[in-house]
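Next comes start-v8.pdb, with PDB, C-alpha atoms.
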```pdb
ATOM      1  CA  MET A 114      -7.093  19.796 -16.049
ATOM      2  CA  LYS A 115      -5.146  19.778 -12.809
ATOM      3  CA  PHE A 116      -3.258  17.097 -10.887
ATOM      4  CA  GLY A 117      -2.975  17.137  -7.102
ATOM      5  CA  VAL A 118      -0.072  15.526  -5.241
ATOM      6  CA  LEU A 119      -0.901  14.698  -1.622
ATOM      7  CA  VAL A 120       1.724  15.620   0.954
ATOM      8  CA  PHE A 121       1.765  13.882   4.335
ATOM      9  CA  PRO A 122       4.336  14.396   7.062
ATOM     10  CA  GLY A 123       6.955  11.913   5.867
ATOM     11  CA  SER A 124       6.097  11.890   2.154
ATOM     12  CA  ASN A 125       9.370  11.978   0.221
ATOM     13  CA  CYS A 126       8.454  11.291  -3.405
ATOM     14  CA  ASP A 127       6.013  14.186  -3.590
ATOM     15  CA  HIS A 128       8.466  16.392  -5.488
ATOM     16  CA  ASP A 129       9.485  13.578  -7.859
ATOM     17  CA  THR A 130       5.841  12.976  -8.694
ATOM     18  CA  PHE A 131       5.105  16.692  -9.031
ATOM     19  CA  ASN A 132       8.107  17.051 -11.329
ATOM     20  CA  VAL A 133       6.919  14.344 -13.722
ATOM     21  CA  VAL A 134       3.529  15.992 -14.118
ATOM     22  CA  ALA A 135       4.883  19.535 -14.420
ATOM     23  CA  GLU A 136       8.052  18.992 -16.436
ATOM     24  CA  ILE A 137       7.476  15.811 -18.438
ATOM     25  CA  ALA A 138       3.699  15.692 -18.905
ATOM     26  CA  HIS A 139       3.510  19.512 -18.946
ATOM     27  CA  GLN A 140       0.246  19.596 -16.997
ATOM     28  CA  PRO A 141      -0.921  21.853 -14.177
ATOM     29  CA  VAL A 142      -0.189  20.349 -10.786
ATOM     30  CA  THR A 143      -0.418  21.434  -7.172
ATOM     31  CA  PHE A 144       0.554  20.035  -3.793
ATOM     32  CA  LEU A 145      -2.295  19.181  -1.407
ATOM     33  CA  TRP A 146      -1.330  19.266   2.275
ATOM     34  CA  HIS A 147      -2.880  16.386   4.189
ATOM     35  CA  ASP A 148      -4.405  18.549   6.902
ATOM     36  CA  SER A 149      -6.861  20.293   4.575
ATOM     37  CA  PRO A 150      -9.913  18.498   3.186
ATOM     38  CA  SER A 151      -9.846  20.588  -0.003
ATOM     39  CA  LEU A 152      -8.806  18.900  -3.242
ATOM     40  CA  GLU A 153      -8.745  22.349  -4.884
ATOM     41  CA  ASN A 154     -10.784  21.158  -7.862
ATOM     42  CA  CYS A 155      -8.090  18.737  -8.972
ATOM     43  CA  ASP A 156      -9.062  16.232 -11.661
ATOM     44  CA  ALA A 157      -6.632  13.515 -10.602
ATOM     45  CA  ILE A 158      -5.017  12.699  -7.270
ATOM     46  CA  LEU A 159      -1.513  11.280  -6.901
ATOM     47  CA  VAL A 160      -0.615   9.670  -3.572
ATOM     48  CA  PRO A 161       3.191   9.686  -3.544
ATOM     49  CA  GLY A 162       5.758   7.408  -1.977
ATOM     50  CA  GLY A 163       7.547   7.999   1.276
ATOM     51  CA  PHE A 164       6.948   7.237   4.909
ATOM     52  CA  ALA A 165       3.716   9.004   5.840
ATOM     53  CA  TYR A 166       3.558   9.409   9.619
ATOM     54  CA  GLY A 167       6.883   7.605   9.815
ATOM     55  CA  ASP A 168       5.153   4.313   8.973
ATOM     56  CA  TYR A 169       4.134   4.282  12.647
ATOM     57  CA  LEU A 170       1.738   1.493  13.656
ATOM     58  CA  ARG A 171       1.652   0.103  10.104
ATOM     59  CA  THR A 172       2.585   1.603   6.752
ATOM     60  CA  GLY A 173      -0.254   3.873   5.680
ATOM     61  CA  ALA A 174      -2.285   3.176   8.811
ATOM     62  CA  LEU A 175      -2.346   6.704  10.224
ATOM     63  CA  ALA A 176      -2.362   8.605   6.933
ATOM     64  CA  ARG A 177      -5.818   7.295   6.163
ATOM     65  CA  PHE A 178      -7.226   9.433   9.011
ATOM     66  CA  SER A 179      -5.936  12.688   7.505
ATOM     67  CA  PRO A 180      -8.673  15.133   6.474
ATOM     68  CA  VAL A 181      -7.540  15.018   2.853
ATOM     69  CA  MET A 182      -8.140  11.271   2.712
ATOM     70  CA  GLN A 183     -11.837  11.683   3.529
ATOM     71  CA  SER A 184     -12.071  13.899   0.438
ATOM     72  CA  VAL A 185     -10.019  11.480  -1.651
ATOM     73  CA  ARG A 186     -12.365   8.651  -0.691
ATOM     74  CA  LYS A 187     -15.366  10.650  -1.884
ATOM     75  CA  PHE A 188     -13.489  11.748  -5.026
ATOM     76  CA  ALA A 189     -12.702   8.102  -5.830
ATOM     77  CA  ASP A 190     -16.278   6.997  -5.089
ATOM     78  CA  ASP A 191     -17.418   9.579  -7.638
ATOM     79  CA  GLY A 192     -15.082   8.108 -10.266
ATOM     80  CA  GLY A 193     -12.088  10.450  -9.902
ATOM     81  CA  LEU A 194      -8.662   9.122 -10.916
ATOM     82  CA  VAL A 195      -6.406   8.230  -7.991
ATOM     83  CA  LEU A 196      -2.901   6.792  -8.408
ATOM     84  CA  GLY A 197      -1.057   5.535  -5.327
ATOM     85  CA  ILE A 198       2.644   4.810  -5.697
ATOM     86  CA  CYS A 199       4.580   2.742  -3.126
ATOM     87  CA  ASN A 200       3.603   4.278   0.249
ATOM     88  CA  GLY A 201       0.628   5.710  -1.636
ATOM     89  CA  PHE A 202      -0.454   2.144  -2.506
ATOM     90  CA  GLN A 203      -0.086   1.181   1.156
ATOM     91  CA  ILE A 204      -2.214   4.159   2.202
ATOM     92  CA  LEU A 205      -4.943   3.342  -0.343
ATOM     93  CA  CYS A 206      -5.103  -0.250   0.941
ATOM     94  CA  GLU A 207      -5.314   0.889   4.572
ATOM     95  CA  ALA A 208      -7.996   3.403   3.611
ATOM     96  CA  GLY A 209     -10.038   0.638   2.010
ATOM     97  CA  LEU A 210      -9.902   2.156  -1.471
ATOM     98  CA  LEU A 211      -8.084  -0.962  -2.665
ATOM     99  CA  PRO A 212      -8.393  -4.512  -1.294
ATOM    100  CA  GLY A 213      -5.631  -6.420   0.455
ATOM    101  CA  ALA A 214      -2.550  -5.290   2.359
ATOM    102  CA  LEU A 215       1.167  -4.727   1.842
ATOM    103  CA  MET A 216       3.150  -6.853   4.282
ATOM    104  CA  ARG A 217       6.823  -6.961   5.239
ATOM    105  CA  ASN A 218       8.955  -8.178   2.303
ATOM    106  CA  ALA A 219       9.416 -11.951   2.370
ATOM    107  CA  GLY A 220      13.190 -11.495   2.672
ATOM    108  CA  LEU A 221      12.738  -8.988   5.538
ATOM    109  CA  LYS A 222      14.995  -6.488   3.809
ATOM    110  CA  TYR A 223      14.434  -3.058   2.339
ATOM    111  CA  ILE A 224      14.827  -3.506  -1.425
ATOM    112  CA  CYS A 225      15.922  -0.695  -3.719
ATOM    113  CA  LYS A 226      16.536  -1.804  -7.292
ATOM    114  CA  GLN A 227      15.307  -1.831 -10.857
ATOM    115  CA  VAL A 228      12.712  -4.521 -11.566
ATOM    116  CA  HIS A 229      10.532  -5.487 -14.499
ATOM    117  CA  ILE A 230       6.765  -5.528 -14.448
ATOM    118  CA  ARG A 231       4.393  -6.903 -17.056
ATOM    119  CA  THR A 232       1.283  -4.982 -17.998
ATOM    120  CA  GLU A 233      -1.640  -7.287 -17.254
ATOM    121  CA  THR A 234      -4.410  -5.083 -18.608
ATOM    122  CA  ALA A 235      -4.597  -2.104 -20.944
ATOM    123  CA  ASP A 236      -8.213  -1.599 -19.937
ATOM    124  CA  SER A 237      -7.801   1.228 -17.454
ATOM    125  CA  PRO A 238      -7.202   4.976 -17.542
ATOM    126  CA  PHE A 239      -3.703   4.284 -16.166
ATOM    127  CA  THR A 240      -2.606   1.688 -18.728
ATOM    128  CA  SER A 241      -4.474   2.653 -21.894
ATOM    129  CA  THR A 242      -1.299   3.713 -23.709
ATOM    130  CA  LEU A 243       0.325   0.368 -22.912
ATOM    131  CA  ARG A 244      -0.520  -2.974 -24.430
ATOM    132  CA  LYS A 245      -1.281  -6.102 -22.497
ATOM    133  CA  GLY A 246       1.925  -8.057 -21.970
ATOM    134  CA  GLN A 247       4.172  -5.022 -22.358
ATOM    135  CA  VAL A 248       7.148  -5.155 -19.977
ATOM    136  CA  LEU A 249       8.296  -2.008 -18.177
ATOM    137  CA  GLN A 250      11.521  -1.416 -16.305
ATOM    138  CA  VAL A 251      10.771   0.514 -13.122
ATOM    139  CA  PRO A 252      12.506   0.780  -9.766
ATOM    140  CA  ILE A 253      11.177  -0.354  -6.419
ATOM    141  CA  GLY A 254      12.245   0.994  -3.022
ATOM    142  CA  HIS A 255      10.330  -0.539  -0.150
ATOM    143  CA  MET A 256      10.349  -2.623   3.016
ATOM    144  CA  ASP A 257       6.652  -3.540   2.947
ATOM    145  CA  GLY A 258       5.671  -4.419  -0.596
ATOM    146  CA  ASN A 259       4.568  -7.998  -0.145
ATOM    147  CA  TYR A 260       1.020  -7.905  -1.492
ATOM    148  CA  PHE A 261      -1.436 -10.120   0.323
ATOM    149  CA  CYS A 262      -5.176 -10.726   0.126
ATOM    150  CA  ASP A 263      -7.431 -13.673   0.849
ATOM    151  CA  GLN A 264      -8.221 -16.232  -1.848
ATOM    152  CA  SER A 265     -11.686 -14.916  -2.656
ATOM    153  CA  THR A 266     -10.299 -11.380  -3.118
ATOM    154  CA  LEU A 267      -7.572 -12.726  -5.400
ATOM    155  CA  ASP A 268     -10.169 -14.640  -7.407
ATOM    156  CA  THR A 269     -12.235 -11.462  -7.753
ATOM    157  CA  LEU A 270      -9.214  -9.414  -8.849
ATOM    158  CA  GLN A 271      -8.264 -11.965 -11.491
ATOM    159  CA  ARG A 272     -11.785 -12.605 -12.708
ATOM    160  CA  ASN A 273     -12.405  -8.881 -13.208
ATOM    161  CA  ASP A 274      -9.054  -8.141 -14.864
ATOM    162  CA  ARG A 275      -8.023  -5.910 -11.964
ATOM    163  CA  VAL A 276      -4.386  -6.970 -11.668
ATOM    164  CA  ALA A 277      -2.650  -4.106 -13.479
ATOM    165  CA  PHE A 278       0.991  -5.219 -13.171
ATOM    166  CA  ARG A 279       2.925  -8.333 -12.166
ATOM    167  CA  TYR A 280       6.638  -8.644 -11.405
ATOM    168  CA  SER A 281       8.220 -10.447 -14.340
ATOM    169  CA  THR A 282      11.480 -11.276 -16.030
ATOM    170  CA  PRO A 283      12.758  -8.795 -18.657
ATOM    171  CA  THR A 284      11.057 -10.976 -21.279
ATOM    172  CA  GLY A 285       7.727 -10.962 -19.464
ATOM    173  CA  GLU A 286       7.707 -14.343 -17.754
ATOM    174  CA  ILE A 287       6.048 -14.494 -14.340
ATOM    175  CA  THR A 288       8.452 -16.526 -12.208
ATOM    176  CA  PRO A 289       9.178 -16.821  -8.475
ATOM    177  CA  GLU A 290      12.687 -15.453  -9.128
ATOM    178  CA  ALA A 291      11.235 -12.295 -10.684
ATOM    179  CA  ASN A 292       9.179 -11.659  -7.546
ATOM    180  CA  PRO A 293      11.305  -9.370  -5.356
ATOM    181  CA  ASN A 294       9.187  -9.288  -2.213
ATOM    182  CA  GLY A 295       7.004 -12.383  -1.987
ATOM    183  CA  SER A 296       3.877 -10.721  -3.342
ATOM    184  CA  LEU A 297       0.928 -13.028  -3.872
ATOM    185  CA  SER A 298       0.747 -14.074  -7.521
ATOM    186  CA  ASN A 299       3.643 -11.654  -8.322
ATOM    187  CA  ILE A 300       1.199  -8.755  -7.975
ATOM    188  CA  ALA A 301       2.845  -5.331  -8.324
ATOM    189  CA  GLY A 302      -0.270  -3.210  -8.869
ATOM    190  CA  ILE A 303      -4.051  -3.508  -8.702
ATOM    191  CA  LEU A 304      -7.147  -1.575  -9.747
ATOM    192  CA  ASN A 305     -10.305  -0.945  -7.750
ATOM    193  CA  GLU A 306     -13.675  -2.188  -8.910
ATOM    194  CA  GLY A 307     -14.415   1.028 -10.807
ATOM    195  CA  ARG A 308     -10.946   0.909 -12.459
ATOM    196  CA  ASN A 309     -10.384   4.560 -11.453
ATOM    197  CA  VAL A 310      -7.982   3.808  -8.590
ATOM    198  CA  LEU A 311      -4.574   2.193  -9.186
ATOM    199  CA  GLY A 312      -2.084   1.245  -6.505
ATOM    200  CA  MET A 313       1.402   0.014  -7.387
ATOM    201  CA  MET A 314       4.618  -0.568  -5.455
ATOM    202  CA  PRO A 315       7.089   0.203  -8.300
ATOM    203  CA  HIS A 316       7.850   3.858  -8.967
ATOM    204  CA  PRO A 317       6.745   5.300 -12.332
ATOM    205  CA  ASP A 318       7.688   8.678 -10.823
ATOM    206  CA  ARG A 319      11.323   7.519 -10.728
ATOM    207  CA  SER A 320      11.228   6.088 -14.244
ATOM    208  CA  SER A 321       9.780   8.797 -16.429
ATOM    209  CA  GLU A 322      13.035  10.214 -17.806
ATOM    210  CA  ARG A 323      15.827   8.401 -19.615
ATOM    211  CA  ILE A 324      18.445  10.079 -17.462
ATOM    212  CA  LEU A 325      17.049   8.112 -14.517
ATOM    213  CA  GLY A 326      17.707   4.804 -16.260
ATOM    214  CA  SER A 327      14.246   4.229 -17.689
ATOM    215  CA  ALA A 328      11.391   6.287 -19.035
ATOM    216  CA  ASP A 329       9.009   3.319 -19.151
ATOM    217  CA  GLY A 330       6.954   4.509 -16.194
ATOM    218  CA  PHE A 331       5.849   7.660 -17.964
ATOM    219  CA  ALA A 332       3.244   5.692 -19.920
ATOM    220  CA  ILE A 333       1.151   5.566 -16.753
ATOM    221  CA  PHE A 334       1.103   9.361 -16.441
ATOM    222  CA  ALA A 335       0.555   9.696 -20.201
ATOM    223  CA  SER A 336      -2.417   7.351 -19.960
ATOM    224  CA  MET A 337      -3.923   9.462 -17.184
ATOM    225  CA  VAL A 338      -3.493  12.627 -19.213
ATOM    226  CA  ALA A 339      -5.087  10.924 -22.210
ATOM    227  CA  ALA A 340      -8.016   9.763 -20.091
ATOM    228  CA  LEU A 341      -8.552  13.226 -18.646
ATOM    229  CA  THR A 342      -8.330  15.008 -21.970
ATOM    230  CA  GLY A 343     -10.579  12.454 -23.633
ATOM    231  CA  ALA A 344      -7.904  11.585 -26.160
ATOM    232  CA  ALA A 345      -7.958   7.945 -25.168
ATOM    233  CA  GLY A 346      -8.765   5.955 -22.081
ATOM    234  CA  ARG A 347     -11.690   3.657 -21.546
TER     235      ARG A 347
ATOM    236  CA  MET B  60      -7.797   0.878  34.234
ATOM    237  CA  LYS B  61      -5.370  -0.377  31.642
ATOM    238  CA  ALA B  62      -5.998  -2.449  28.534
ATOM    239  CA  HIS B  63      -3.287  -4.757  27.247
ATOM    240  CA  VAL B  64      -3.798  -5.379  23.531
ATOM    241  CA  TYR B  65      -1.860  -8.036  21.617
ATOM    242  CA  VAL B  66      -1.816  -7.897  17.822
ATOM    243  CA  THR B  67      -0.510 -10.790  15.738
ATOM    244  CA  LEU B  68      -0.705 -11.858  12.135
ATOM    245  CA  LYS B  69      -3.629 -14.192  11.442
ATOM    246  CA  SER B  70      -2.694 -17.857  11.634
ATOM    247  CA  THR B  71      -3.426 -18.133   7.907
ATOM    248  CA  VAL B  72      -0.916 -15.376   7.070
ATOM    249  CA  LEU B  73       2.752 -16.197   6.588
ATOM    250  CA  ASP B  74       4.952 -14.579   9.257
ATOM    251  CA  PRO B  75       8.496 -14.362   7.844
ATOM    252  CA  GLN B  76       9.767 -12.459  10.888
ATOM    253  CA  GLY B  77       8.450 -15.148  13.220
ATOM    254  CA  GLN B  78       9.965 -17.832  10.999
ATOM    255  CA  THR B  79      13.342 -16.107  11.027
ATOM    256  CA  ILE B  80      13.268 -15.836  14.816
ATOM    257  CA  GLY B  81      12.303 -19.531  15.005
ATOM    258  CA  ASN B  82      15.206 -20.474  12.737
ATOM    259  CA  ALA B  83      17.589 -18.471  14.913
ATOM    260  CA  LEU B  84      16.317 -20.255  18.022
ATOM    261  CA  ARG B  85      16.916 -23.663  16.455
ATOM    262  CA  LYS B  86      20.390 -22.649  15.283
ATOM    263  CA  ASN B  87      21.137 -21.651  18.869
ATOM    264  CA  GLN B  88      20.096 -25.052  20.157
ATOM    265  CA  TYR B  89      16.720 -24.027  21.607
ATOM    266  CA  HIS B  90      15.081 -27.188  20.376
ATOM    267  CA  GLY B  91      12.011 -26.883  22.592
ATOM    268  CA  VAL B  92      10.437 -24.300  20.274
ATOM    269  CA  THR B  93       8.545 -25.581  17.225
ATOM    270  CA  ASP B  94       7.093 -22.292  15.932
ATOM    271  CA  VAL B  95       7.277 -18.532  16.559
ATOM    272  CA  ARG B  96       4.623 -15.935  15.751
ATOM    273  CA  GLN B  97       5.604 -12.350  16.468
ATOM    274  CA  GLY B  98       3.405  -9.296  16.904
ATOM    275  CA  LYS B  99       2.780  -5.990  18.655
ATOM    276  CA  TYR B 100       1.774  -5.121  22.185
ATOM    277  CA  PHE B 101      -0.085  -1.956  23.232
ATOM    278  CA  VAL B 102      -0.932  -0.687  26.709
ATOM    279  CA  LEU B 103      -3.903   1.691  26.714
ATOM    280  CA  THR B 104      -4.555   3.688  29.869
ATOM    281  CA  LEU B 105      -8.304   4.293  30.104
ATOM    282  CA  GLN B 106     -10.430   6.987  31.758
ATOM    283  CA  ASP B 107     -11.257   6.071  35.349
ATOM    284  CA  SER B 108     -14.908   6.816  34.664
ATOM    285  CA  LEU B 109     -15.290   3.851  32.266
ATOM    286  CA  ASP B 110     -16.836   0.715  33.722
ATOM    287  CA  ALA B 111     -15.579  -2.681  32.594
ATOM    288  CA  ALA B 112     -18.249  -3.178  29.933
ATOM    289  CA  ASP B 113     -17.710   0.264  28.407
ATOM    290  CA  ALA B 114     -13.956  -0.207  28.547
ATOM    291  CA  ALA B 115     -14.204  -3.549  26.775
ATOM    292  CA  ALA B 116     -16.393  -2.059  24.059
ATOM    293  CA  GLU B 117     -14.045   0.899  23.596
ATOM    294  CA  VAL B 118     -10.919  -1.260  23.451
ATOM    295  CA  GLU B 119     -12.465  -3.678  20.983
ATOM    296  CA  ARG B 120     -13.469  -0.796  18.723
ATOM    297  CA  ILE B 121      -9.979   0.734  18.859
ATOM    298  CA  ALA B 122      -8.287  -2.603  18.265
ATOM    299  CA  ARG B 123     -10.550  -3.446  15.345
ATOM    300  CA  ASP B 124     -10.560  -0.036  13.655
ATOM    301  CA  ILE B 125      -7.021   1.197  14.219
ATOM    302  CA  LEU B 126      -4.565  -1.129  15.947
ATOM    303  CA  THR B 127      -5.088  -3.998  13.506
ATOM    304  CA  ASN B 128      -5.390  -4.330   9.766
ATOM    305  CA  PRO B 129      -8.172  -6.924   9.607
ATOM    306  CA  VAL B 130      -6.895  -8.194   6.246
ATOM    307  CA  ILE B 131      -3.802  -9.672   7.877
ATOM    308  CA  GLU B 132      -4.006  -9.240  11.661
ATOM    309  CA  GLU B 133      -6.069 -10.282  14.674
ATOM    310  CA  PHE B 134      -6.010  -9.221  18.324
ATOM    311  CA  THR B 135      -6.630 -10.308  21.878
ATOM    312  CA  TYR B 136      -6.761  -8.078  24.942
ATOM    313  CA  ARG B 137      -7.184  -8.087  28.675
ATOM    314  CA  LEU B 138      -8.276  -5.361  31.069
ATOM    315  CA  GLU B 139      -6.424  -4.648  34.276
ATOM    316  CA  ASP B 140      -7.731  -2.558  37.197
TER     317      ASP B 140
END
```
So that I can check it, write out the structure of this file as structure tokens.
Amino acid sequence: MKFGVLVFPGSNCDHDTFNVVAEIAHQPVTFLWHDSPSLENCDAILVPGGFAYGDYLRTGALARFSPVMQSVRKFADDGGLVLGICNGFQILCEAGLLPGALMRNAGLKYICKQVHIRTETADSPFTSTLRKGQVLQVPIGHMDGNYFCDQSTLDTLQRNDRVAFRYSTPTGEITPEANPNGSLSNIAGILNEGRNVLGMMPHPDRSSERILGSADGFAIFASMVAALTGAAGR
Amino acid sequence: MKAHVYVTLKSTVLDPQGQTIGNALRKNQYHGVTDVRQGKYFVLTLQDSLDAADAAAEVERIARDILTNPVIEEFTYRLED
């Protein structure tokens, strides 16, 4: 089993993400430079946070044209696991691998802080080691994390149990005050139709070791490892 | 030929930046303004060999595929000789 971490010009959480896989999950991992279409036989793709292409035009808008993204699209279509974190979520939305868009935060400010998210489904290869309703403490760091989609898309997401995480209070209540960025329906992360692609704004890569203030985010990586090794998952 | 492309958020999408600008206008006594929608403006310089119909088709394709995110944005454009 091998993980691949995409690297775009402007990615800045690529090493954090790599470190979690290599040092905490103890799994093989390699960087994948955006300019090559090869996924080097990786079994899971991680699209890290940062500012790919400087966020020029729109966040994630130019990254989707990179050669590696054409391969990632095919990999995802074939059922491969793809996790997009923060800027990675924005890229996956722009690339059409996930529905909706990440807009400017409602308060118009860059927000960098610890938040709580509630697990909305355990039925995915990214959340199988969590239980529904479980609250995680994870940090966010973004300017454009305000999830938006049209009503019919939202209905589809909810009907098919594709909302993975919602911003919540520490006790798991979904309130307007717990919503840091104005996201529709407090949405912090969503799954694609095949449940093999997850995009989320909060950073599990920055919350996988206690020394960083929380290790709650590691469950997402652990779930992926379990899914890939057949130990658990769907 | 040049193409002037204007990209704005769809009318159904909340525009907090536009709202903030509108609030600032009202605070500064510009009472003639009831609403502000902000956006982006692109000037594309086109090959001289393109005729107007080809230019329009090219600009529309670029605006639809790249300059806008159709989930949240829409565009208008005009061509200038």
- Result set, the ChimeraX specification (/A :<10) & /B on current file, as a PyMOL selection string: chain B and resi 71-76+79+99+125-131
Might you spell out which residues the PyMOL selection byres ((chain A and resi 240) around 9) would select in the displayed file, as a PDB file with C-alpha atoms, in the coordinates of the input?
```pdb
ATOM      1  CA  THR A 232       1.283  -4.982 -17.998  1.00  0.00           C
ATOM      2  CA  THR A 234      -4.410  -5.083 -18.608  1.00  0.00           C
ATOM      3  CA  ALA A 235      -4.597  -2.104 -20.944  1.00  0.00           C
ATOM      4  CA  ASP A 236      -8.213  -1.599 -19.937  1.00  0.00           C
ATOM      5  CA  SER A 237      -7.801   1.228 -17.454  1.00  0.00           C
ATOM      6  CA  PRO A 238      -7.202   4.976 -17.542  1.00  0.00           C
ATOM      7  CA  PHE A 239      -3.703   4.284 -16.166  1.00  0.00           C
ATOM      8  CA  SER A 241      -4.474   2.653 -21.894  1.00  0.00           C
ATOM      9  CA  THR A 242      -1.299   3.713 -23.709  1.00  0.00           C
ATOM     10  CA  LEU A 243       0.325   0.368 -22.912  1.00  0.00           C
ATOM     11  CA  ARG A 244      -0.520  -2.974 -24.430  1.00  0.00           C
ATOM     12  CA  LYS A 245      -1.281  -6.102 -22.497  1.00  0.00           C
ATOM     13  CA  ALA A 277      -2.650  -4.106 -13.479  1.00  0.00           C
ATOM     14  CA  ALA A 332       3.244   5.692 -19.920  1.00  0.00           C
ATOM     15  CA  ILE A 333       1.151   5.566 -16.753  1.00  0.00           C
ATOM     16  CA  PHE A 334       1.103   9.361 -16.441  1.00  0.00           C
ATOM     17  CA  ALA A 335       0.555   9.696 -20.201  1.00  0.00           C
ATOM     18  CA  SER A 336      -2.417   7.351 -19.960  1.00  0.00           C
ATOM     19  CA  MET A 337      -3.923   9.462 -17.184  1.00  0.00           C
ATOM     20  CA  GLY A 346      -8.765   5.955 -22.081  1.00  0.00           C
TER      21      GLY A 346
END
```
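For the pair CA of His255 in chain A and CA of Cys199 in chain A, the separation is 7.3 Å.
When only C-alpha atoms are used to measure the gap to Ala291 in chain A, the shortest distance among A:Leu210, A:Leu270, A:Val134, A:Val228 belongs to A:Val228.
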Expansion of the PyMOL selection byres ((chain A and resi 140) around 9) into residues, as a CSV table (one decimal) with C-alpha atoms, in the coordinates of the input:
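out-v4.csv was written with the following content:
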```csv
chain,number,residue,atom,x,y,z
A,114,MET,CA,-7.1,19.8,-16.0
A,115,LYS,CA,-5.1,19.8,-12.8
A,116,PHE,CA,-3.3,17.1,-10.9
A,134,VAL,CA,3.5,16.0,-14.1
A,135,ALA,CA,4.9,19.5,-14.4
A,136,GLU,CA,8.1,19.0,-16.4
A,137,ILE,CA,7.5,15.8,-18.4
A,138,ALA,CA,3.7,15.7,-18.9
A,139,HIS,CA,3.5,19.5,-18.9
A,141,PRO,CA,-0.9,21.9,-14.2
A,142,VAL,CA,-0.2,20.3,-10.8
A,338,VAL,CA,-3.5,12.6,-19.2
```
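The interatomic distance for the pair CA of Arg96 in chain B and CA of Thr67 in chain B works out to 7.3 Å.
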- Query: Could you name the residues that touch range 117-122 of chain B at 9 Å or less, counting all atoms listed in the file, but leaving out those on the same chain fewer than 4 positions away, as a list in words?
  - Reply: Ala62, Val64, Val66, Leu103, Ala112, Asp113, Leu126, Thr127, Glu133, Phe134, Thr135 and Tyr136 of chain B
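Of the residues under consideration (A:Glu322, A:Asp148, A:Glu306, A:Glu286), A:Asp148 shows the shortest atom-to-atom contact distance to Ser184 in chain A when counting only C-alpha atoms.
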- CA of Gly295 in chain A sits from CA of Gln271 in chain A at a separation of 18.0 Å
- Exercise: Ile158 in chain A partners within 8 Å, only C-alpha atoms, chain neighbours under 2 positions left out, as a list in words: Phe116, Gly117, Val118, Leu119, Cys155, Asp156, Val160, Val185, Gly193, Leu194, Val195 and Leu196 of chain A
Step by step, gather every atom of range 298-313 of chain A that the file lists, find the box along x, y and z that holds them, add 5 Å on each side, and finally give centre and edge lengths in Å to one decimal, as JSON.
```
{"center_x": -5.4, "center_y": -4.8, "center_z": -9.5, "size_x": 28.1, "size_y": 28.6, "size_z": 16.0}
```
- Query: Pick the closest to Ala114 in chain B from B:Leu138, B:Ile80, B:Gly98, B:Lys69: which is it, counting all atoms listed in the file?
  - Reply: B:Leu138
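Within the 7 Å cut-off around Ser151 in chain A, using only C-alpha atoms and omitting residues fewer than 2 positions from it on the same chain, the listed residues are A:Ser149, A:Glu153, A:Val181.
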Writer output for current selection, C-alpha atoms, as a PDB file, in the frame of the given file:
```pdb
ATOM      1  CA  SER A 149      -6.861  20.293   4.575  1.00  0.00           C
ATOM      2  CA  GLU A 153      -8.745  22.349  -4.884  1.00  0.00           C
ATOM      3  CA  VAL A 181      -7.540  15.018   2.853  1.00  0.00           C
TER       4      VAL A 181
END
```
Considering only C-alpha atoms, give me a table of residues in range 204-269 of chain A that are at most 6 Å from range 307-320 of chain A, with the closest atom pair and distance in Å for each, as JSON lines.
```
{"residue": "A:Ser237", "atom": "CA", "partner": "A:Arg308", "partner_atom": "CA", "distance": 5.9}
{"residue": "A:Val251", "atom": "CA", "partner": "A:Ser320", "partner_atom": "CA", "distance": 5.7}
{"residue": "A:Pro252", "atom": "CA", "partner": "A:His316", "partner_atom": "CA", "distance": 5.6}
{"residue": "A:Ile253", "atom": "CA", "partner": "A:Pro315", "partner_atom": "CA", "distance": 4.5}
```
